>>> print(open('entry.txt').read())   # compact mmCIF, C-alpha atoms
# COMPACT_ATOMS: atom_id res chain seq x y z
CA MET B 1 36.53 -29.46 12.66
CA SER B 2 32.82 -28.77 12.11
CA LYS B 3 30.69 -30.78 9.77
CA ARG B 4 28.80 -29.10 6.98
CA LYS B 5 25.05 -29.36 6.86
CA PRO B 6 23.78 -31.91 4.38
CA HIS B 7 22.31 -30.62 1.13
CA ASN B 8 18.54 -30.07 1.46
CA MET B 9 16.98 -29.63 -1.98
CA ARG B 10 13.47 -28.88 -0.65
CA ALA B 11 14.72 -26.00 1.51
CA ARG B 12 16.75 -24.68 -1.40
CA ILE B 13 13.71 -24.71 -3.72
CA GLU B 14 11.54 -23.00 -1.09
CA ARG B 15 14.12 -20.21 -0.64
CA ALA B 16 14.34 -19.71 -4.41
CA CYS B 17 10.54 -19.58 -4.77
CA ARG B 18 10.14 -17.12 -1.89
CA ALA B 19 12.81 -14.91 -3.44
CA LEU B 20 10.96 -15.04 -6.78
CA LEU B 21 7.69 -14.02 -5.09
CA GLY B 22 9.40 -11.26 -3.13
CA THR B 23 11.05 -9.65 -6.12
CA ASN B 24 7.78 -9.71 -8.07
CA HIS B 25 5.67 -8.40 -5.12
CA VAL B 26 3.05 -11.11 -5.69
CA ALA B 27 -0.47 -10.94 -4.27
CA VAL B 28 -3.48 -13.15 -4.90
CA VAL B 29 -6.65 -11.09 -5.48
CA ASN B 30 -10.19 -12.47 -5.40
CA ILE B 31 -13.27 -10.36 -6.23
CA ASP B 32 -16.92 -11.31 -5.62
CA PRO B 33 -19.60 -11.55 -7.04
CA SER B 34 -17.82 -12.05 -10.39
CA GLY B 35 -15.56 -14.74 -8.92
CA GLN B 36 -12.49 -13.23 -10.58
CA GLN B 37 -9.19 -14.40 -9.11
CA CYS B 38 -5.75 -13.36 -10.34
CA LEU B 39 -2.14 -12.75 -9.38
CA VAL B 40 -1.08 -9.11 -9.21
CA ASN B 41 2.10 -7.20 -8.48
CA TRP B 42 0.90 -5.10 -5.51
CA LYS B 43 3.51 -2.39 -6.12
CA ASN B 44 2.89 -1.56 -9.79
CA TYR B 45 -0.59 -3.19 -10.14
CA SER B 46 0.27 -5.30 -13.18
CA ARG B 47 -1.12 -8.80 -13.71
CA ILE B 48 1.21 -11.78 -13.35
CA ARG B 49 0.78 -14.71 -15.71
CA SER B 50 3.95 -16.72 -15.09
CA ARG B 51 3.47 -20.44 -14.47
CA GLN B 52 6.60 -20.50 -12.30
CA ILE B 53 5.14 -17.85 -9.99
CA VAL B 54 1.79 -19.66 -9.81
CA ASP B 55 3.58 -22.85 -8.76
CA ALA B 56 5.60 -20.94 -6.16
CA VAL B 57 2.41 -19.50 -4.64
CA CYS B 58 0.42 -22.74 -4.62
CA ASN B 59 2.97 -25.47 -3.86
CA ILE B 60 4.98 -23.94 -1.00
CA PRO B 61 3.69 -22.94 2.46
CA HIS B 62 3.98 -19.23 3.25
CA ARG B 63 3.36 -16.84 6.11
CA TRP B 64 0.34 -14.99 4.72
CA THR B 65 -1.09 -11.52 5.22
CA ILE B 66 -4.73 -11.30 4.13
CA TYR B 67 -6.51 -8.00 3.50
CA LEU B 68 -10.32 -8.30 3.21
CA ARG B 69 -12.52 -5.53 1.89
CA VAL B 70 -16.21 -4.85 1.24
CA MET B 71 -16.94 -2.08 -1.26
CA CYS B 72 -20.23 -0.24 -0.76
CA GLN B 73 -22.10 2.57 -2.47
CA LYS B 74 -24.79 4.72 -0.91
CA THR B 75 -27.95 5.58 -2.85
CA LYS B 76 -26.59 9.03 -3.73
CA GLY B 77 -23.49 7.48 -5.32
CA GLU B 78 -21.02 8.00 -2.48
CA GLN B 79 -18.57 5.11 -2.29
CA TYR B 80 -17.10 3.74 0.92
CA CYS B 81 -15.31 0.61 2.08
CA LYS B 82 -14.98 -1.52 5.19
CA SER B 83 -11.84 -3.58 5.54
CA ILE B 84 -9.77 -5.70 7.89
CA GLU B 85 -6.28 -7.19 7.77
CA VAL B 86 -5.61 -10.69 9.11
CA ALA B 87 -2.27 -12.46 9.58
CA PRO B 88 -2.72 -16.13 10.55
CA GLN B 89 0.10 -17.56 12.65
CA GLY B 90 2.28 -20.16 10.95
CA ASN B 91 3.01 -21.18 7.39
CA TYR B 92 0.08 -22.29 5.23
CA LEU B 93 -0.42 -23.57 1.72
CA ALA B 94 -2.68 -21.37 -0.37
CA SER B 95 -5.32 -24.10 -0.46
CA HIS B 96 -5.54 -24.17 3.36
CA LEU B 97 -6.43 -20.48 3.70
CA THR B 98 -10.06 -20.86 2.65
CA ASP B 99 -11.36 -21.50 6.18
CA VAL B 100 -9.70 -18.37 7.58
CA ILE B 101 -10.80 -16.21 4.66
CA GLU B 102 -14.41 -17.43 4.63
CA ALA B 103 -14.93 -16.92 8.37
CA VAL B 104 -13.59 -13.37 8.44
CA HIS B 105 -15.13 -12.46 5.08
CA THR B 106 -18.69 -13.47 6.06
CA ASP B 107 -18.35 -11.60 9.37
CA LEU B 108 -17.17 -8.45 7.57
CA ARG B 109 -20.02 -8.63 5.03
CA ALA B 110 -22.53 -9.09 7.86
CA ARG B 111 -21.37 -5.81 9.46
CA CYS B 112 -22.15 -3.86 6.27
CA ASN B 113 -25.47 -2.52 5.01
CA GLN B 114 -26.61 -5.28 2.63
CA GLY B 115 -28.31 -2.80 0.33
CA HIS B 116 -25.11 -0.84 -0.19
CA ILE B 117 -22.74 -3.72 -1.04
CA VAL B 118 -21.38 -3.48 -4.59
CA ALA B 119 -18.53 -5.98 -4.33
CA SER B 120 -16.24 -7.66 -1.87
CA GLY B 121 -12.89 -9.30 -2.11
CA TRP B 122 -9.62 -10.23 -0.50
CA LEU B 123 -5.96 -9.73 -1.17
CA ALA B 124 -3.51 -12.38 0.09
CA ILE B 125 0.23 -11.66 0.17
CA PRO B 126 2.61 -14.55 0.91
CA PHE B 127 4.75 -12.44 3.28
CA ASP B 128 4.47 -10.45 6.52
CA VAL B 129 3.60 -7.20 4.75
CA SER B 130 1.03 -4.71 5.93
CA LEU B 131 -0.77 -2.67 3.28
CA ASP B 132 -2.29 0.71 3.96
CA GLU B 133 -5.76 1.68 2.73
CA ALA B 134 -4.47 3.57 -0.33
CA GLN B 135 -2.30 0.67 -1.56
CA ALA B 136 -5.11 -1.86 -1.17
CA ALA B 137 -7.61 0.46 -2.85
CA ALA B 138 -5.25 0.89 -5.81
CA VAL B 139 -4.84 -2.87 -6.20
CA PHE B 140 -8.60 -3.46 -6.09
CA GLU B 141 -9.15 -0.62 -8.56
CA ALA B 142 -6.52 -2.08 -10.91
CA VAL B 143 -8.34 -5.43 -11.10
CA GLY B 144 -11.70 -3.70 -11.62
CA ALA B 145 -13.46 -4.34 -8.34
CA TRP B 146 -15.88 -1.43 -8.77
CA ARG B 147 -16.60 -2.26 -12.45
CA GLN B 148 -17.19 -6.01 -12.36
CA HIS B 149 -20.20 -8.08 -13.37
CA LYS B 150 -21.64 -11.19 -11.78
CA VAL B 151 -20.94 -14.42 -13.67
CA ALA B 152 -24.07 -16.31 -14.71
CA ALA B 153 -24.40 -19.50 -12.66
>>> encode(input="entry.txt", output="structure tokens")
Amino acid sequence: MSKRKPHNMRARIERACRALLGTNHVAVVNIDPSGQQCLVNWKNYSRIRSRQIVDAVCNIPHRWTIYLRVMCQKTKGEQYCKSIEVAPQGNYLASHLTDVIEAVHTDLRARCNQGHIVASGWLAIPFDVSLDEAQAAAVFEAVGAWRQHKVAA
């Protein structure tokens, strides 16, 4: 007769939190220079304000997909973007992603014309999901990336 596995409450909570994030299609969006950061449903572009979802994003390690983007505008008004998608190996807490994001983000900004940069930002999804350009553009547009103002320091 085989023995049953012992009850593991931590694993059970992690599975429940990941299921909650998956059904709500959660993504963390950060926009500079305004410093705006929010949780967004990346499928229907609505803001998420649930404390339970915030705790699930911050307190449990996830396998992240990070989409970084720099939004630029030429002098004649033509808008264009440069972007890159990064998927770090392993599971990370949200607080441990800053090193990866900062390194790639500064490199991406350096490759753009500094006079054309309007805004920049990143989109972090706690799953192995790849976004196409149109989906990412719609998420950034929904949070107002092109229409944001710099916060006074």
>>> residues_around(input="entry.txt", residues="region 76-82 of chain B", least_positions_apart="6", cutoff="10 Å", atoms="only C-alpha atoms", output="list in words")
Leu68, Arg69, Val70, Leu108, Arg109, Arg111, Cys112, His116, Ile117, Val118, Ala119, Ser120, Glu133, Ala137 and Trp146 of chain B
>>> write_last_selection(input="entry.txt", atoms="C-alpha atoms", output="PDB file, in the frame of the given file")
ATOM      1  CA  LEU B  68     -10.320  -8.300   3.210  1.00  0.00           C
ATOM      2  CA  ARG B  69     -12.520  -5.530   1.890  1.00  0.00           C
ATOM      3  CA  VAL B  70     -16.210  -4.850   1.240  1.00  0.00           C
ATOM      4  CA  LEU B 108     -17.170  -8.450   7.570  1.00  0.00           C
ATOM      5  CA  ARG B 109     -20.020  -8.630   5.030  1.00  0.00           C
ATOM      6  CA  ARG B 111     -21.370  -5.810   9.460  1.00  0.00           C
ATOM      7  CA  CYS B 112     -22.150  -3.860   6.270  1.00  0.00           C
ATOM      8  CA  HIS B 116     -25.110  -0.840  -0.190  1.00  0.00           C
ATOM      9  CA  ILE B 117     -22.740  -3.720  -1.040  1.00  0.00           C
ATOM     10  CA  VAL B 118     -21.380  -3.480  -4.590  1.00  0.00           C
ATOM     11  CA  ALA B 119     -18.530  -5.980  -4.330  1.00  0.00           C
ATOM     12  CA  SER B 120     -16.240  -7.660  -1.870  1.00  0.00           C
ATOM     13  CA  GLU B 133      -5.760   1.680   2.730  1.00  0.00           C
ATOM     14  CA  ALA B 137      -7.610   0.460  -2.850  1.00  0.00           C
ATOM     15  CA  TRP B 146     -15.880  -1.430  -8.770  1.00  0.00           C
TER      16      TRP B 146
END
>>> closest_residue(input="entry.txt", among="B:Ile66, B:Ile125, B:Ala94, B:Val139", to="Asn24 (chain B)", atoms="all atoms listed in the file")
B:Ile125
>>> residues_around(input="entry.txt", residues="Trp122 (chain B)", least_positions_apart="4", cutoff="10 Å", atoms="all atoms listed in the file", output="list in words")
Ala27, Val28, Val29, Asn30, Ile31, Asp32, Gln37, Ile66, Tyr67, Leu68, Arg69, Val70, Ser83, Ile84, Glu85, Ile101, His105, Ala136 and Phe140 of chain B
>>> closest_residue(input="entry.txt", among="B:Ala124, B:Val40, B:Cys58, B:Ile48", to="Arg18 (chain B)", atoms="only C-alpha atoms")
B:Cys58
>>> atom_distance(input="entry.txt", atom1="CA of Ala16 (chain B)", atom2="CA of Lys3 (chain B)")
24.3 Å
>>> closest_residue(input="entry.txt", among="B:Gln89, B:Lys43, B:Val104, B:Leu123", to="Gln135 (chain B)", atoms="only C-alpha atoms")
B:Lys43
>>> closest_residue(input="entry.txt", among="B:Gly115, B:Pro126, B:Arg12, B:Ser2", to="Val57 (chain B)", atoms="all atoms listed in the file")
B:Pro126
>>> residues_around(input="entry.txt", residues="Tyr92 (chain B)", least_positions_apart="2", cutoff="12 Å", atoms="all atoms listed in the file", output="PyMOL selection string")
chain B and resi 57-65+87-90+94-100+124-127
>>> atom_distance(input="entry.txt", atom1="CA of Gly22 (chain B)", atom2="CA of Tyr45 (chain B)")
14.6 Å
>>> atom_distance(input="entry.txt", atom1="CA of Gly35 (chain B)", atom2="CA of Cys72 (chain B)")
17.3 Å
>>> decode(input="entry.txt", residues="region 16-46 of chain B", atoms="N, CA and C atoms", output="PDB file, in the first residue's frame")
ATOM      1  N   ALA B  16      -3.182  28.060  -5.092  1.00  0.00           N
ATOM      2  CA  ALA B  16      -4.403  28.865  -5.097  1.00  0.00           C
ATOM      3  C   ALA B  16      -4.117  30.288  -5.573  1.00  0.00           C
ATOM      4  N   CYS B  17      -3.006  30.857  -5.133  1.00  0.00           N
ATOM      5  CA  CYS B  17      -2.654  32.227  -5.552  1.00  0.00           C
ATOM      6  C   CYS B  17      -2.316  32.287  -7.035  1.00  0.00           C
ATOM      7  N   ARG B  18      -1.583  31.305  -7.534  1.00  0.00           N
ATOM      8  CA  ARG B  18      -1.262  31.279  -8.965  1.00  0.00           C
ATOM      9  C   ARG B  18      -2.528  31.114  -9.809  1.00  0.00           C
ATOM     10  N   ALA B  19      -3.458  30.324  -9.324  1.00  0.00           N
ATOM     11  CA  ALA B  19      -4.730  30.171 -10.042  1.00  0.00           C
ATOM     12  C   ALA B  19      -5.498  31.488 -10.056  1.00  0.00           C
ATOM     13  N   LEU B  20      -5.485  32.215  -8.946  1.00  0.00           N
ATOM     14  CA  LEU B  20      -6.146  33.514  -8.867  1.00  0.00           C
ATOM     15  C   LEU B  20      -5.521  34.498  -9.855  1.00  0.00           C
ATOM     16  N   LEU B  21      -4.199  34.523  -9.935  1.00  0.00           N
ATOM     17  CA  LEU B  21      -3.514  35.421 -10.867  1.00  0.00           C
ATOM     18  C   LEU B  21      -3.767  35.023 -12.319  1.00  0.00           C
ATOM     19  N   GLY B  22      -3.829  33.729 -12.569  1.00  0.00           N
ATOM     20  CA  GLY B  22      -4.064  33.251 -13.929  1.00  0.00           C
ATOM     21  C   GLY B  22      -5.457  33.566 -14.440  1.00  0.00           C
ATOM     22  N   THR B  23      -6.445  33.429 -13.585  1.00  0.00           N
ATOM     23  CA  THR B  23      -7.811  33.711 -14.030  1.00  0.00           C
ATOM     24  C   THR B  23      -8.070  35.198 -14.212  1.00  0.00           C
ATOM     25  N   ASN B  24      -7.306  36.030 -13.499  1.00  0.00           N
ATOM     26  CA  ASN B  24      -7.461  37.484 -13.631  1.00  0.00           C
ATOM     27  C   ASN B  24      -6.475  38.094 -14.624  1.00  0.00           C
ATOM     28  N   HIS B  25      -5.599  37.304 -15.236  1.00  0.00           N
ATOM     29  CA  HIS B  25      -4.632  37.772 -16.240  1.00  0.00           C
ATOM     30  C   HIS B  25      -3.858  38.986 -15.729  1.00  0.00           C
ATOM     31  N   VAL B  26      -3.227  38.829 -14.577  1.00  0.00           N
ATOM     32  CA  VAL B  26      -2.579  39.935 -13.881  1.00  0.00           C
ATOM     33  C   VAL B  26      -1.231  40.273 -14.504  1.00  0.00           C
ATOM     34  N   ALA B  27      -0.967  41.583 -14.609  1.00  0.00           N
ATOM     35  CA  ALA B  27       0.329  42.097 -15.031  1.00  0.00           C
ATOM     36  C   ALA B  27       0.642  43.334 -14.205  1.00  0.00           C
ATOM     37  N   VAL B  28       1.909  43.490 -13.851  1.00  0.00           N
ATOM     38  CA  VAL B  28       2.370  44.684 -13.149  1.00  0.00           C
ATOM     39  C   VAL B  28       2.905  45.637 -14.208  1.00  0.00           C
ATOM     40  N   VAL B  29       2.432  46.886 -14.215  1.00  0.00           N
ATOM     41  CA  VAL B  29       2.852  47.869 -15.207  1.00  0.00           C
ATOM     42  C   VAL B  29       3.499  49.040 -14.482  1.00  0.00           C
ATOM     43  N   ASN B  30       4.670  49.451 -14.970  1.00  0.00           N
ATOM     44  CA  ASN B  30       5.378  50.602 -14.425  1.00  0.00           C
ATOM     45  C   ASN B  30       5.696  51.553 -15.570  1.00  0.00           C
ATOM     46  N   ILE B  31       5.394  52.846 -15.387  1.00  0.00           N
ATOM     47  CA  ILE B  31       5.613  53.857 -16.415  1.00  0.00           C
ATOM     48  C   ILE B  31       6.523  54.942 -15.858  1.00  0.00           C
ATOM     49  N   ASP B  32       7.543  55.321 -16.611  1.00  0.00           N
ATOM     50  CA  ASP B  32       8.422  56.438 -16.252  1.00  0.00           C
ATOM     51  C   ASP B  32       8.231  57.542 -17.264  1.00  0.00           C
ATOM     52  N   PRO B  33       8.369  58.772 -17.000  1.00  0.00           N
ATOM     53  CA  PRO B  33       8.927  59.409 -15.818  1.00  0.00           C
ATOM     54  C   PRO B  33       7.920  59.686 -14.708  1.00  0.00           C
ATOM     55  N   SER B  34       6.650  59.393 -14.882  1.00  0.00           N
ATOM     56  CA  SER B  34       5.662  59.703 -13.837  1.00  0.00           C
ATOM     57  C   SER B  34       5.820  58.802 -12.618  1.00  0.00           C
ATOM     58  N   GLY B  35       6.412  57.633 -12.780  1.00  0.00           N
ATOM     59  CA  GLY B  35       6.572  56.714 -11.668  1.00  0.00           C
ATOM     60  C   GLY B  35       5.310  55.941 -11.339  1.00  0.00           C
ATOM     61  N   GLN B  36       4.347  55.949 -12.227  1.00  0.00           N
ATOM     62  CA  GLN B  36       3.078  55.254 -12.009  1.00  0.00           C
ATOM     63  C   GLN B  36       3.306  53.747 -12.076  1.00  0.00           C
ATOM     64  N   GLN B  37       2.760  53.028 -11.100  1.00  0.00           N
ATOM     65  CA  GLN B  37       2.831  51.571 -11.095  1.00  0.00           C
ATOM     66  C   GLN B  37       1.463  51.044 -10.686  1.00  0.00           C
ATOM     67  N   CYS B  38       0.966  50.046 -11.428  1.00  0.00           N
ATOM     68  CA  CYS B  38      -0.360  49.513 -11.135  1.00  0.00           C
ATOM     69  C   CYS B  38      -0.460  48.066 -11.609  1.00  0.00           C
ATOM     70  N   LEU B  39      -1.518  47.418 -11.151  1.00  0.00           N
ATOM     71  CA  LEU B  39      -1.850  46.069 -11.609  1.00  0.00           C
ATOM     72  C   LEU B  39      -2.949  46.184 -12.651  1.00  0.00           C
ATOM     73  N   VAL B  40      -2.784  45.440 -13.746  1.00  0.00           N
ATOM     74  CA  VAL B  40      -3.718  45.523 -14.861  1.00  0.00           C
ATOM     75  C   VAL B  40      -4.042  44.112 -15.342  1.00  0.00           C
ATOM     76  N   ASN B  41      -5.277  43.919 -15.786  1.00  0.00           N
ATOM     77  CA  ASN B  41      -5.653  42.706 -16.492  1.00  0.00           C
ATOM     78  C   ASN B  41      -5.186  42.894 -17.933  1.00  0.00           C
ATOM     79  N   TRP B  42      -4.210  42.096 -18.387  1.00  0.00           N
ATOM     80  CA  TRP B  42      -3.621  42.330 -19.710  1.00  0.00           C
ATOM     81  C   TRP B  42      -4.490  41.832 -20.851  1.00  0.00           C
ATOM     82  N   LYS B  43      -5.629  41.232 -20.547  1.00  0.00           N
ATOM     83  CA  LYS B  43      -6.547  40.814 -21.616  1.00  0.00           C
ATOM     84  C   LYS B  43      -7.636  41.846 -21.880  1.00  0.00           C
ATOM     85  N   ASN B  44      -8.205  42.441 -20.812  1.00  0.00           N
ATOM     86  CA  ASN B  44      -9.262  43.429 -21.028  1.00  0.00           C
ATOM     87  C   ASN B  44      -8.856  44.834 -20.577  1.00  0.00           C
ATOM     88  N   TYR B  45      -7.605  45.016 -20.142  1.00  0.00           N
ATOM     89  CA  TYR B  45      -6.990  46.314 -19.842  1.00  0.00           C
ATOM     90  C   TYR B  45      -7.615  47.055 -18.667  1.00  0.00           C
ATOM     91  N   SER B  46      -8.299  46.361 -17.793  1.00  0.00           N
ATOM     92  CA  SER B  46      -8.892  47.015 -16.628  1.00  0.00           C
ATOM     93  C   SER B  46      -7.907  46.981 -15.460  1.00  0.00           C
TER      94      SER B  46
END
